[in-house]
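Structure file final22.cif; described as mmCIF, C-alpha atoms.
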```
data_coords
loop_
_atom_site.label_atom_id
_atom_site.label_comp_id
_atom_site.auth_asym_id
_atom_site.auth_seq_id
_atom_site.Cartn_x
_atom_site.Cartn_y
_atom_site.Cartn_z
CA MET A 1 1.94 -68.14 33.16
CA PRO A 2 -1.14 -66.63 31.50
CA PRO A 3 -0.54 -64.24 28.58
CA SER A 4 -2.58 -61.56 30.30
CA TYR A 5 -0.23 -61.64 33.33
CA ARG A 6 2.86 -61.34 31.12
CA LYS A 7 1.28 -58.41 29.30
CA SER A 8 0.44 -56.69 32.57
CA LYS A 9 4.00 -57.17 33.82
CA LEU A 10 5.50 -55.70 30.65
CA LEU A 11 3.12 -52.76 30.91
CA ARG A 12 4.22 -52.09 34.49
CA ARG A 13 7.89 -52.23 33.48
CA SER A 14 7.21 -49.86 30.61
CA ARG A 15 5.54 -47.39 32.96
CA VAL A 16 8.49 -47.56 35.37
CA PHE A 17 10.89 -46.95 32.46
CA TRP A 18 8.98 -43.97 31.09
CA GLY A 19 8.36 -42.67 34.57
CA SER A 20 12.10 -42.68 35.26
CA PHE A 21 12.77 -40.98 31.92
CA ALA A 22 10.34 -38.19 32.81
CA LEU A 23 12.15 -37.87 36.12
CA TRP A 24 15.59 -37.70 34.51
CA ARG A 25 14.64 -35.53 31.55
CA PRO A 26 14.99 -32.16 33.36
CA ARG A 27 18.36 -33.21 34.75
CA LEU A 28 19.64 -34.27 31.34
CA VAL A 29 18.51 -31.02 29.77
CA PHE A 30 20.14 -29.05 32.60
CA TRP A 31 23.43 -30.92 32.24
CA CYS A 32 23.44 -30.39 28.47
CA GLY A 33 22.75 -26.68 29.01
CA ALA A 34 25.67 -26.35 31.44
CA LEU A 35 28.02 -28.14 29.04
CA ALA A 36 26.79 -25.92 26.21
CA ILE A 37 27.70 -22.81 28.23
CA GLY A 38 31.28 -24.06 28.54
CA VAL A 39 31.56 -24.89 24.84
CA ILE A 40 29.98 -21.62 23.69
CA SER A 41 32.16 -19.61 26.09
CA VAL A 42 35.29 -21.09 24.53
CA GLY A 43 33.97 -20.42 21.03
CA PHE A 44 33.05 -16.86 22.05
CA ALA A 45 36.59 -16.31 23.36
CA GLU A 46 38.09 -17.53 20.08
CA LEU A 47 35.78 -15.29 18.05
CA ALA A 48 36.65 -12.29 20.23
CA ASP A 49 40.39 -12.94 19.78
CA LEU A 50 39.95 -13.25 16.01
CA ALA A 51 38.07 -9.93 15.90
CA GLN A 52 40.86 -8.13 17.76
CA LYS A 53 43.56 -9.72 15.61
CA ALA A 54 41.66 -8.71 12.47
CA LEU A 55 41.63 -5.07 13.64
CA MET A 56 45.35 -5.20 14.37
CA THR A 57 46.02 -6.66 10.93
CA VAL A 58 43.94 -4.00 9.19
CA THR A 59 45.47 -1.09 11.10
CA SER A 60 49.06 -2.23 10.53
CA SER A 61 48.88 -3.06 6.83
CA GLY A 62 50.12 0.27 5.47
CA GLU A 63 51.52 3.71 6.20
CA TRP A 64 48.11 5.34 6.69
CA ALA A 65 46.34 2.23 7.95
CA PHE A 66 46.92 3.30 11.56
CA PHE A 67 44.31 6.04 11.04
CA LEU A 68 41.69 3.64 9.67
CA PRO A 69 39.93 3.46 13.09
CA LEU A 70 38.66 7.00 12.39
CA LEU A 71 36.50 5.30 9.75
CA ILE A 72 36.09 1.75 11.09
CA THR A 73 35.23 2.57 14.70
CA PRO A 74 32.31 4.99 14.21
CA ILE A 75 30.82 2.87 11.43
CA GLY A 76 31.13 -0.24 13.59
CA PHE A 77 29.54 1.53 16.56
CA VAL A 78 26.61 2.79 14.49
CA LEU A 79 26.05 -0.62 12.85
CA SER A 80 26.23 -2.43 16.20
CA THR A 81 23.78 0.00 17.82
CA TYR A 82 21.36 -0.29 14.90
CA LEU A 83 21.39 -4.10 14.90
CA ALA A 84 21.03 -4.21 18.69
CA ALA A 85 18.02 -1.89 18.59
CA THR A 86 16.24 -3.49 15.62
CA LEU A 87 17.17 -7.20 15.55
CA PHE A 88 18.42 -7.96 19.06
CA PRO A 89 16.70 -5.62 21.53
CA ASN A 90 18.02 -5.76 25.11
CA SER A 91 21.40 -7.03 23.95
CA GLN A 92 22.96 -3.63 24.64
CA GLY A 93 25.67 -3.11 27.22
CA SER A 94 27.24 -5.67 29.50
CA GLY A 95 24.41 -8.19 29.83
CA ILE A 96 24.82 -8.64 33.58
CA PRO A 97 22.10 -6.04 34.37
CA GLN A 98 19.70 -7.93 32.08
CA ALA A 99 20.38 -11.17 33.95
CA ILE A 100 19.85 -9.46 37.32
CA ALA A 101 16.64 -7.84 36.06
CA ALA A 102 15.30 -11.16 34.75
CA ARG A 103 15.67 -12.69 38.21
CA HIS A 104 13.42 -9.95 39.63
CA LEU A 105 10.71 -10.46 37.01
CA HIS A 106 8.08 -13.13 37.61
CA ASP A 107 6.41 -13.63 34.21
CA GLU A 108 7.95 -15.84 31.56
CA PRO A 109 7.30 -13.36 28.68
CA ASP A 110 8.99 -10.58 30.66
CA ARG A 111 12.08 -12.69 31.31
CA SER A 112 12.20 -13.77 27.67
CA ARG A 113 12.46 -10.13 26.61
CA LEU A 114 15.80 -9.94 28.42
CA LEU A 115 17.13 -13.48 28.08
CA SER A 116 16.65 -15.67 25.01
CA LEU A 117 18.70 -17.72 22.58
CA ARG A 118 18.13 -15.05 19.93
CA ILE A 119 19.56 -12.38 22.23
CA ALA A 120 22.46 -14.68 23.14
CA PHE A 121 23.34 -15.11 19.46
CA GLY A 122 23.11 -11.37 18.85
CA LYS A 123 25.21 -10.67 21.93
CA ILE A 124 28.06 -12.85 20.70
CA VAL A 125 28.04 -11.50 17.14
CA LEU A 126 27.72 -7.83 18.10
CA THR A 127 30.37 -8.03 20.82
CA ALA A 128 32.76 -9.45 18.23
CA LEU A 129 31.78 -6.61 15.88
CA GLY A 130 32.50 -4.09 18.63
CA LEU A 131 35.94 -5.59 19.26
CA PHE A 132 36.73 -5.49 15.54
CA SER A 133 35.66 -1.85 15.57
CA GLY A 134 38.14 -1.04 18.35
CA ALA A 135 35.65 -0.63 21.20
CA SER A 136 37.06 -0.90 24.72
CA ILE A 137 34.79 -3.77 25.76
CA GLY A 138 35.06 -7.34 27.00
CA ARG A 139 33.29 -10.65 26.40
CA GLU A 140 32.96 -11.78 30.04
CA GLY A 141 29.85 -9.76 30.94
CA PRO A 142 28.14 -10.80 27.69
CA THR A 143 28.98 -14.43 28.54
CA VAL A 144 26.88 -14.00 31.70
CA GLN A 145 23.83 -13.01 29.62
CA VAL A 146 24.53 -15.84 27.19
CA GLY A 147 24.77 -18.37 30.03
CA ALA A 148 21.63 -17.06 31.71
CA SER A 149 19.78 -17.16 28.37
CA ILE A 150 20.77 -20.78 27.82
CA MET A 151 19.62 -21.73 31.31
CA LEU A 152 16.29 -19.94 30.88
CA ALA A 153 15.81 -21.98 27.70
CA VAL A 154 16.69 -25.07 29.76
CA ALA A 155 13.90 -24.18 32.20
CA ARG A 156 11.48 -23.98 29.27
CA PHE A 157 12.57 -27.11 27.39
CA GLY A 158 13.07 -29.22 30.50
CA GLY A 159 9.84 -28.19 32.16
CA MET A 160 11.68 -26.89 35.22
CA ALA A 161 10.04 -24.35 37.52
CA GLN A 162 13.30 -23.06 39.05
CA ALA A 163 13.80 -20.21 36.59
CA ARG A 164 15.40 -17.81 39.09
CA GLY A 165 17.83 -20.46 40.29
CA LEU A 166 18.69 -21.50 36.74
CA ILE A 167 19.39 -17.89 35.70
CA LEU A 168 21.74 -17.67 38.69
CA ALA A 169 23.40 -20.94 37.70
CA GLY A 170 23.83 -19.84 34.08
CA SER A 171 25.36 -16.54 35.14
CA ALA A 172 27.85 -18.26 37.44
CA ALA A 173 28.74 -20.80 34.77
CA GLY A 174 29.31 -17.98 32.28
CA ILE A 175 31.80 -16.19 34.53
CA ALA A 176 33.53 -19.44 35.49
CA ALA A 177 33.97 -20.54 31.88
CA ALA A 178 34.93 -17.09 30.56
CA PHE A 179 37.78 -16.54 33.05
CA ASN A 180 38.48 -20.18 33.96
CA THR A 181 37.70 -19.18 37.55
CA PRO A 182 35.17 -21.64 39.05
CA LEU A 183 35.32 -20.23 42.59
CA ALA A 184 34.83 -16.69 41.30
CA GLY A 185 31.78 -17.84 39.35
CA ILE A 186 30.17 -19.16 42.53
CA VAL A 187 31.07 -16.09 44.60
CA PHE A 188 29.86 -13.80 41.80
CA ALA A 189 26.49 -15.56 41.77
CA ILE A 190 26.07 -15.20 45.53
CA GLU A 191 27.47 -11.70 46.02
CA GLU A 192 26.63 -9.82 42.84
CA MET A 193 23.77 -11.61 41.08
CA SER A 194 21.59 -12.46 44.06
CA ARG A 195 23.11 -10.29 46.83
CA THR A 196 22.23 -13.12 49.22
CA TYR A 197 22.90 -16.81 49.82
CA GLU A 198 20.14 -19.04 48.47
CA SER A 199 20.48 -22.59 49.75
CA ARG A 200 18.01 -23.93 47.18
CA ALA A 201 20.07 -22.63 44.28
CA ASN A 202 23.53 -23.61 45.53
CA GLY A 203 23.31 -27.13 44.05
CA LEU A 204 22.28 -25.76 40.65
CA VAL A 205 25.07 -23.17 40.70
CA LEU A 206 27.74 -25.67 41.73
CA THR A 207 26.67 -28.27 39.16
CA ALA A 208 26.49 -25.72 36.35
CA VAL A 209 29.94 -24.33 37.20
CA ILE A 210 31.46 -27.82 37.34
CA LEU A 211 29.99 -28.97 34.02
CA SER A 212 30.68 -25.74 32.12
CA GLY A 213 34.19 -25.69 33.59
CA LEU A 214 34.81 -29.27 32.49
CA ALA A 215 33.68 -28.44 28.96
CA ALA A 216 35.93 -25.37 28.83
CA LEU A 217 38.89 -27.30 30.26
CA GLY A 218 38.36 -30.07 27.73
CA LEU A 219 38.63 -27.58 24.88
CA SER A 220 41.17 -25.05 26.21
CA GLY A 221 43.09 -26.96 28.87
CA SER A 222 43.99 -25.76 32.34
CA TYR A 223 45.40 -22.24 32.56
CA ASN A 224 45.41 -19.04 34.62
CA TYR A 225 43.85 -16.07 32.83
CA PHE A 226 46.91 -13.88 33.45
CA GLY A 227 49.45 -16.68 33.86
CA SER A 228 51.14 -17.45 37.18
CA ALA A 229 52.39 -14.57 39.31
CA SER A 230 54.39 -14.68 42.53
CA ALA A 231 54.55 -11.01 43.52
CA ALA A 232 54.45 -10.41 47.27
CA PRO A 233 55.17 -7.46 49.58
CA VAL A 234 58.85 -7.53 50.60
CA GLN A 235 59.37 -3.97 51.87
CA LEU A 236 57.39 -1.25 53.63
CA ALA A 237 56.68 0.62 50.38
CA ASP A 238 55.01 -2.50 49.00
CA TRP A 239 52.54 -2.48 51.91
CA GLY A 240 51.87 1.18 51.15
CA LEU A 241 50.54 0.01 47.80
CA VAL A 242 47.64 -1.67 49.58
CA LEU A 243 46.34 1.66 50.90
CA VAL A 244 47.07 3.69 47.77
CA CYS A 245 45.65 1.14 45.32
CA GLY A 246 42.65 0.50 47.57
CA VAL A 247 41.67 4.13 48.07
CA GLY A 248 42.72 5.30 44.60
CA GLY A 249 41.28 2.32 42.77
CA GLY A 250 38.03 2.50 44.74
CA ALA A 251 37.67 6.21 44.02
CA LEU A 252 38.31 5.67 40.29
CA GLY A 253 35.82 2.80 40.24
CA ALA A 254 33.20 4.91 42.01
CA ALA A 255 33.77 7.74 39.52
CA PHE A 256 33.32 5.36 36.59
CA SER A 257 30.16 3.69 37.90
CA GLY A 258 28.65 6.95 39.16
CA CYS A 259 29.25 8.72 35.85
CA ALA A 260 27.92 5.70 33.92
CA LEU A 261 24.64 5.78 35.88
CA HIS A 262 24.31 9.57 35.75
CA PHE A 263 25.13 10.06 32.09
CA GLY A 264 23.18 6.94 31.13
CA GLN A 265 20.06 8.49 32.62
CA ARG A 266 20.67 11.78 30.83
CA VAL A 267 21.28 9.99 27.53
CA ARG A 268 17.97 8.12 27.84
CA ARG A 269 16.10 11.38 28.45
CA TRP A 270 17.88 13.11 25.57
CA ALA A 271 17.12 10.23 23.17
CA GLN A 272 13.45 9.90 24.16
CA PRO A 273 11.82 11.90 21.28
CA GLN A 274 13.68 9.92 18.58
CA PRO A 275 15.41 7.01 20.34
CA LEU A 276 16.85 5.16 17.33
CA LYS A 277 18.05 8.22 15.42
CA ARG A 278 19.61 9.89 18.43
CA MET A 279 21.25 6.72 19.73
CA LEU A 280 22.83 6.18 16.31
CA LEU A 281 24.18 9.76 16.43
CA LEU A 282 25.56 9.17 19.91
CA ALA A 283 27.14 5.87 18.86
CA GLY A 284 28.85 7.55 15.91
CA ALA A 285 30.18 10.37 18.09
CA CYS A 286 31.44 7.94 20.73
CA GLY A 287 33.05 5.86 17.98
CA VAL A 288 35.00 8.87 16.70
CA ALA A 289 36.13 9.73 20.25
CA VAL A 290 37.20 6.12 20.95
CA ALA A 291 39.15 6.09 17.68
CA VAL A 292 40.95 9.34 18.59
CA VAL A 293 41.84 8.03 22.05
CA GLY A 294 43.09 4.80 20.48
CA ILE A 295 45.30 6.58 17.97
CA VAL A 296 46.72 8.92 20.63
CA SER A 297 47.50 5.95 22.87
CA GLY A 298 49.23 4.07 20.06
CA GLY A 299 46.42 1.55 19.75
CA THR A 300 46.73 0.29 23.34
CA THR A 301 43.16 1.24 24.33
CA PHE A 302 41.50 -0.75 21.54
CA GLY A 303 39.87 -4.03 22.57
CA THR A 304 39.81 -5.75 25.93
CA GLY A 305 43.22 -4.59 27.20
CA TYR A 306 44.19 -8.16 28.06
CA ASP A 307 47.73 -7.94 26.64
CA GLN A 308 48.46 -4.71 28.52
CA ALA A 309 47.08 -6.07 31.80
CA ARG A 310 49.03 -9.32 31.49
CA GLY A 311 52.21 -7.42 30.70
CA ALA A 312 51.80 -5.35 33.86
CA VAL A 313 51.13 -8.49 35.95
CA GLU A 314 54.36 -9.93 34.54
CA GLY A 315 56.26 -6.80 35.67
CA ARG A 316 56.36 -4.71 32.49
CA ALA A 317 55.42 -1.12 33.34
CA LEU A 318 52.67 0.47 31.27
CA PRO A 319 52.69 4.12 30.13
CA LEU A 320 51.88 6.44 33.03
CA LEU A 321 48.61 7.68 31.48
CA PHE A 322 47.44 4.37 30.04
CA PHE A 323 44.89 3.85 32.83
CA ALA A 324 43.27 7.26 32.18
CA GLU A 325 43.11 6.65 28.42
CA LYS A 326 41.68 3.17 28.89
CA LEU A 327 39.13 4.41 31.42
CA LEU A 328 37.95 7.13 28.99
CA ALA A 329 37.71 4.65 26.08
CA SER A 330 35.78 2.19 28.27
CA PHE A 331 33.36 4.88 29.45
CA LEU A 332 32.69 6.09 25.89
CA SER A 333 32.17 2.52 24.69
CA MET A 334 29.72 1.87 27.52
CA ILE A 335 27.50 4.94 27.06
CA SER A 336 27.43 4.44 23.29
CA GLY A 337 24.95 1.60 23.82
CA ILE A 338 26.80 -1.10 21.89
CA PRO A 339 26.83 -4.65 23.29
CA GLY A 340 29.97 -5.36 25.29
CA GLY A 341 31.16 -5.85 28.85
CA ILE A 342 33.36 -3.89 31.24
CA PHE A 343 35.04 -6.76 33.13
CA ALA A 344 38.21 -7.07 31.04
CA PRO A 345 38.60 -3.31 30.39
CA SER A 346 38.20 -2.70 34.13
CA LEU A 347 41.01 -5.14 34.85
CA ALA A 348 43.17 -3.32 32.30
CA VAL A 349 42.37 0.08 33.86
CA GLY A 350 43.18 -1.29 37.32
CA ALA A 351 46.43 -2.85 36.13
CA GLY A 352 47.40 0.42 34.44
CA PHE A 353 46.60 2.42 37.57
CA GLY A 354 48.62 0.04 39.73
CA SER A 355 51.51 0.07 37.26
CA THR A 356 51.60 3.88 37.40
CA ILE A 357 51.52 3.90 41.21
CA GLY A 358 54.23 1.22 41.38
CA SER A 359 56.45 3.17 38.96
CA LEU A 360 56.03 6.44 40.85
CA LEU A 361 56.68 4.85 44.25
CA GLY A 362 59.53 2.66 43.02
CA SER A 363 57.73 -0.51 44.11
CA SER A 364 57.10 -3.81 42.35
CA VAL A 365 55.13 -3.15 39.16
CA ALA A 366 53.71 -6.69 39.15
CA LEU A 367 52.39 -6.43 42.71
CA ALA A 368 51.08 -2.92 42.13
CA ALA A 369 49.24 -4.03 38.96
CA ILE A 370 47.57 -6.94 40.78
CA LEU A 371 46.53 -4.72 43.68
CA GLY A 372 45.36 -1.99 41.29
CA MET A 373 43.12 -4.50 39.50
CA ALA A 374 41.59 -5.62 42.80
CA GLY A 375 41.01 -2.08 44.09
CA TYR A 376 39.53 -0.68 40.88
CA PHE A 377 37.41 -3.74 40.12
CA ALA A 378 36.00 -3.76 43.66
CA GLY A 379 35.25 -0.05 43.26
CA VAL A 380 33.38 -0.51 39.97
CA VAL A 381 31.21 -3.52 40.87
CA GLN A 382 31.17 -3.00 44.66
CA ALA A 383 31.62 -6.72 45.24
CA PRO A 384 34.82 -7.19 47.30
CA MET A 385 34.63 -10.98 47.64
CA THR A 386 34.22 -11.40 43.89
CA ALA A 387 37.13 -9.00 43.26
CA PHE A 388 39.42 -10.85 45.68
CA VAL A 389 38.60 -14.35 44.44
CA ILE A 390 38.65 -13.52 40.74
CA ILE A 391 42.01 -11.70 40.91
CA LEU A 392 43.52 -14.51 42.98
CA GLU A 393 42.31 -17.20 40.55
CA MET A 394 43.34 -15.26 37.43
CA THR A 395 46.89 -14.56 38.64
CA GLY A 396 47.53 -17.56 40.90
CA ASP A 397 49.36 -15.15 43.23
CA HIS A 398 48.65 -16.88 46.54
CA GLU A 399 51.66 -15.16 48.14
CA ALA A 400 49.74 -11.88 47.96
CA ALA A 401 46.39 -13.28 49.13
CA ILE A 402 46.14 -11.05 52.22
CA PRO A 403 47.11 -7.81 50.39
CA ILE A 404 44.63 -8.60 47.58
CA MET A 405 41.90 -9.25 50.14
CA ALA A 406 42.71 -6.01 51.99
CA VAL A 407 42.84 -3.82 48.89
CA SER A 408 39.53 -5.28 47.64
CA MET A 409 37.86 -4.35 50.91
CA ILE A 410 39.40 -0.86 50.97
CA GLY A 411 38.35 -0.29 47.36
CA TYR A 412 34.81 -1.41 48.14
CA VAL A 413 34.47 0.83 51.23
CA THR A 414 35.89 3.82 49.35
CA SER A 415 33.50 3.28 46.44
CA ARG A 416 30.48 2.91 48.75
CA LEU A 417 31.33 6.21 50.44
CA LEU A 418 31.45 8.01 47.09
CA SER A 419 28.76 6.16 45.10
CA ARG A 420 25.96 4.48 47.03
CA GLU A 421 24.39 2.56 44.14
CA PRO A 422 26.15 -0.49 42.66
CA LEU A 423 26.56 -0.16 38.91
CA TYR A 424 24.97 -3.41 37.72
CA HIS A 425 22.00 -3.16 40.05
CA GLY A 426 21.42 0.46 39.09
CA LEU A 427 21.39 -0.51 35.42
CA SER A 428 19.16 -3.53 36.08
CA ARG A 429 16.38 -1.23 37.31
CA VAL A 430 16.39 0.46 33.90
CA PHE A 431 15.70 -2.88 32.19
CA ILE A 432 13.04 -3.84 34.75
CA ALA A 433 11.18 -0.56 34.19
CA ALA A 434 11.47 -0.82 30.38
CA THR A 435 10.20 -4.42 30.41
CA ILE A 436 7.19 -3.51 32.57
CA ARG A 437 6.37 -0.56 30.29
CA ALA A 438 6.56 -2.82 27.22
CA ARG A 439 4.23 -5.37 28.81
CA ARG A 440 1.71 -2.70 29.80
CA ALA A 441 1.77 -1.25 26.30
CA ILE A 442 1.02 -4.68 24.83
CA GLU A 443 -1.79 -5.23 27.34
CA LYS A 444 -3.23 -1.82 26.54
CA GLU A 445 -3.20 -2.58 22.81
CA GLY A 446 -4.94 -5.87 23.49
CA VAL A 447 -7.69 -4.17 25.49
CA THR A 448 -8.13 -1.48 22.82
CA GLU A 449 -8.53 -4.08 20.08
#
```
Here is a file; write its structure as structure tokens.
Amino acid sequence: MPPSYRKSKLLRRSRVFWGSFALWRPRLVFWCGALAIGVISVGFAELADLAQKALMTVTSSGEWAFFLPLLITPIGFVLSTYLAATLFPNSQGSGIPQAIAARHLHDEPDRSRLLSLRIAFGKIVLTALGLFSGASIGREGPTVQVGASIMLAVARFGGMAQARGLILAGSAAGIAAAFNTPLAGIVFAIEEMSRTYESRANGLVLTAVILSGLAALGLSGSYNYFGSASAAPVQLADWGLVLVCGVGGGALGAAFSGCALHFGQRVRRWAQPQPLKRMLLLAGACGVAVAVVGIVSGGTTFGTGYDQARGAVEGRALPLLFFAEKLLASFLSMISGIPGGIFAPSLAVGAGFGSTIGSLLGSSVALAAILGMAGYFAGVVQAPMTAFVIILEMTGDHEAAIPIMAVSMIGYVTSRLLSREPLYHGLSRVFIAATIRARRAIEKEGVTE
């Protein structure tokens, strides 16, 4: 065999090898990104738990330590707002509106203003700071922005053109890994993030959820977010909970989301002349108010509210006014502008509302708490399928599947009648408009120069 023939054959094999590597490279980067979301979500959860435990340790270390939030909370709010505005812009709030907004933007620089690895890092650190400060926030919404940011980086590093689909996949993987609810992650992506079914993106979403879920399971094991519940309607009064929790929870959720959109708009107008200075003043004032609410409630409104919600799901009645105190603390934390989500606090508010209704009607507290979570959550996000699936997966209460489904739908319909604009999509328009203004300002400066 001539040497030239052998050389040509080796060259052809080399081209096939490198050609296959170029073909597999985007897939490998995508898989690594999905696994990274699962690992980072678990680390984020641990950091959030440590921040809350640190606050509890500090506020229980002496006779007057219980009043330390009057100092810690406003300082933490101001510091978080300052860092978010100066070092990590667009990390404020939940993070879900930023992910939704990025899917509606078409230019890579515009998307990168809302989703980036820098913002993801800032989101994690500042959410932990907020929890240490006693803010009534959660880590689940921020995990959506973190997941979407990782997947947008995957699109860039892997040379993939499916940015919108990857943002959707990262958001779904974030929810799935944060709550250990893979089905809810998929439904959330379809119902809330995209508001439609996209057949092209379903493979990306499913693969990302599977891989991130496997990574999270490998580190944390298999578990239900709120343990395993078996509450089911056994008497007529229990079925009455479906209507009361659906209508009441939906109305409360509509009030929260409507007030958040209305007051958010007024705050932006008020802060316009001196945005940084005035937002720092607002953050400090909200921090003082959150601290006062926390002290009055005995510290139960600080943090995510996970322990209170789980206790109610397990049948331990919460104080009658806990849901109102938690709702107020969550609203103040949200309008302050600090990074942090509303998923977990919303579940705590719903569980508290259901617990109160169950106590007043003499019904099962556990069932009422589960139905209250579904009704209120559906009212806030106006996504009934997501509410039903996520509550079912978090509690494992398959015996109450039909009541949970019914109360989610009633809560959604009630909320839509009272507040026509979904919260996350209303907030996403704010980020879209701000991003377009920033781009135009840069273009104008370029033309002027």
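Taking all atoms listed in the file into account, Ala260 of chain A lies nearest to A:Leu427 out of the set A:Leu427, A:Ala283, A:Ile186, A:Ala378.
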Quiz item: From the list A:Gly287, A:Pro182, A:Gly33, A:Pro403, which residue is nearest Val154 of chain A when using all atoms listed in the file?
Solution: A:Gly33
Exercise. Determine the nearest neighbour of Met334 of chain A from the options A:Ala309, A:Ile404, A:Ala383, A:Ala135, counting all atoms listed in the file.
Key: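 Using all atoms listed in the file, Met334 of chain A sits closest to A:Ala135.
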Self-check item: Hits of the PyMOL selection byres ((chain A and resi 370) around 10) in this structure, as an NGL selection string
Solution: :A and (229 or 231 or 245 or 309-310 or 312-314 or 347 or 350-355 or 365-369 or 371-375 or 391-392 or 394-395 or 397 or 400 or 403-404 or 407)
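Of the residues under consideration (A:Val413, A:Leu252, A:Ala153, A:Ile390), A:Leu252 shows the shortest atom-to-atom contact distance to Ala324 of chain A when counting only C-alpha atoms.
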Exercise. With a distance cut-off of 12 Å and all atoms listed in the file, select the neighbouring residues of Arg27 of chain A, excluding the residue or stretch itself and same-chain residues fewer than 6 positions from it, and output the selection as a VMD selection string.
Key: chain A and resid 20 to 21 33 to 34 154 to 155 157 to 160 166 204 207 to 208
Identify all residues satisfying the PyMOL selection byres ((chain A and resi 281) around 12) in the given file; provide them as a PDB file with C-alpha atoms, in the frame of the given file.
```
ATOM      1  CA  PRO A  74      32.310   4.990  14.210  1.00  0.00           C
ATOM      2  CA  ILE A  75      30.820   2.870  11.430  1.00  0.00           C
ATOM      3  CA  PHE A  77      29.540   1.530  16.560  1.00  0.00           C
ATOM      4  CA  VAL A  78      26.610   2.790  14.490  1.00  0.00           C
ATOM      5  CA  LEU A  79      26.050  -0.620  12.850  1.00  0.00           C
ATOM      6  CA  THR A  81      23.780   0.000  17.820  1.00  0.00           C
ATOM      7  CA  TYR A  82      21.360  -0.290  14.900  1.00  0.00           C
ATOM      8  CA  VAL A 267      21.280   9.990  27.530  1.00  0.00           C
ATOM      9  CA  TRP A 270      17.880  13.110  25.570  1.00  0.00           C
ATOM     10  CA  ALA A 271      17.120  10.230  23.170  1.00  0.00           C
ATOM     11  CA  GLN A 274      13.680   9.920  18.580  1.00  0.00           C
ATOM     12  CA  PRO A 275      15.410   7.010  20.340  1.00  0.00           C
ATOM     13  CA  LEU A 276      16.850   5.160  17.330  1.00  0.00           C
ATOM     14  CA  LYS A 277      18.050   8.220  15.420  1.00  0.00           C
ATOM     15  CA  ARG A 278      19.610   9.890  18.430  1.00  0.00           C
ATOM     16  CA  MET A 279      21.250   6.720  19.730  1.00  0.00           C
ATOM     17  CA  LEU A 280      22.830   6.180  16.310  1.00  0.00           C
ATOM     18  CA  LEU A 282      25.560   9.170  19.910  1.00  0.00           C
ATOM     19  CA  ALA A 283      27.140   5.870  18.860  1.00  0.00           C
ATOM     20  CA  GLY A 284      28.850   7.550  15.910  1.00  0.00           C
ATOM     21  CA  ALA A 285      30.180  10.370  18.090  1.00  0.00           C
ATOM     22  CA  CYS A 286      31.440   7.940  20.730  1.00  0.00           C
ATOM     23  CA  GLY A 287      33.050   5.860  17.980  1.00  0.00           C
ATOM     24  CA  VAL A 288      35.000   8.870  16.700  1.00  0.00           C
ATOM     25  CA  SER A 336      27.430   4.440  23.290  1.00  0.00           C
ATOM     26  CA  GLY A 337      24.950   1.600  23.820  1.00  0.00           C
TER      27      GLY A 337
END
```
Practice problem: Run the PyMOL selection byres ((chain A and resi 419) around 8) mentally over the shown coordinates, then write out the matched residues as a VMD selection string, using the chain letters and numbers from the document. | Solution: chain A and resid 254 to 255 257 to 258 415 to 418 420 to 422
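The list of residues with at least one atom within 7 Å of Gly253 of chain A, based on only C-alpha atoms and without residues fewer than 2 positions apart in the same chain, reads Gly249, Gly250, Ala251, Ala255, Phe256, Ser257, Tyr376, Phe377, Gly379, Val380 and Ser415 of chain A.
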Quiz item: Which residue gives the smallest distance to Thr86 of chain A among A:Ile119, A:Ala237, A:Thr73, A:Leu321, with only C-alpha atoms counted?
Solution: A:Ile119
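Across A:Arg269, A:Arg316, A:Arg439, A:Lys326, the tightest approach to Ser112 of chain A is made by A:Arg439 when counting only C-alpha atoms.
Between atom CA of Leu423 of chain A and atom CA of Gln382 of chain A the interatomic distance comes to 7.9 Å.
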Exercise. Just give me the gap between atom CA of Ala401 of chain A and atom CA of Val187 of chain A in Å, one decimal is fine.
Key: 16.2 Å
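Between atom CA of Arg268 of chain A and atom CA of Thr435 of chain A there is a distance of 15.0 Å.
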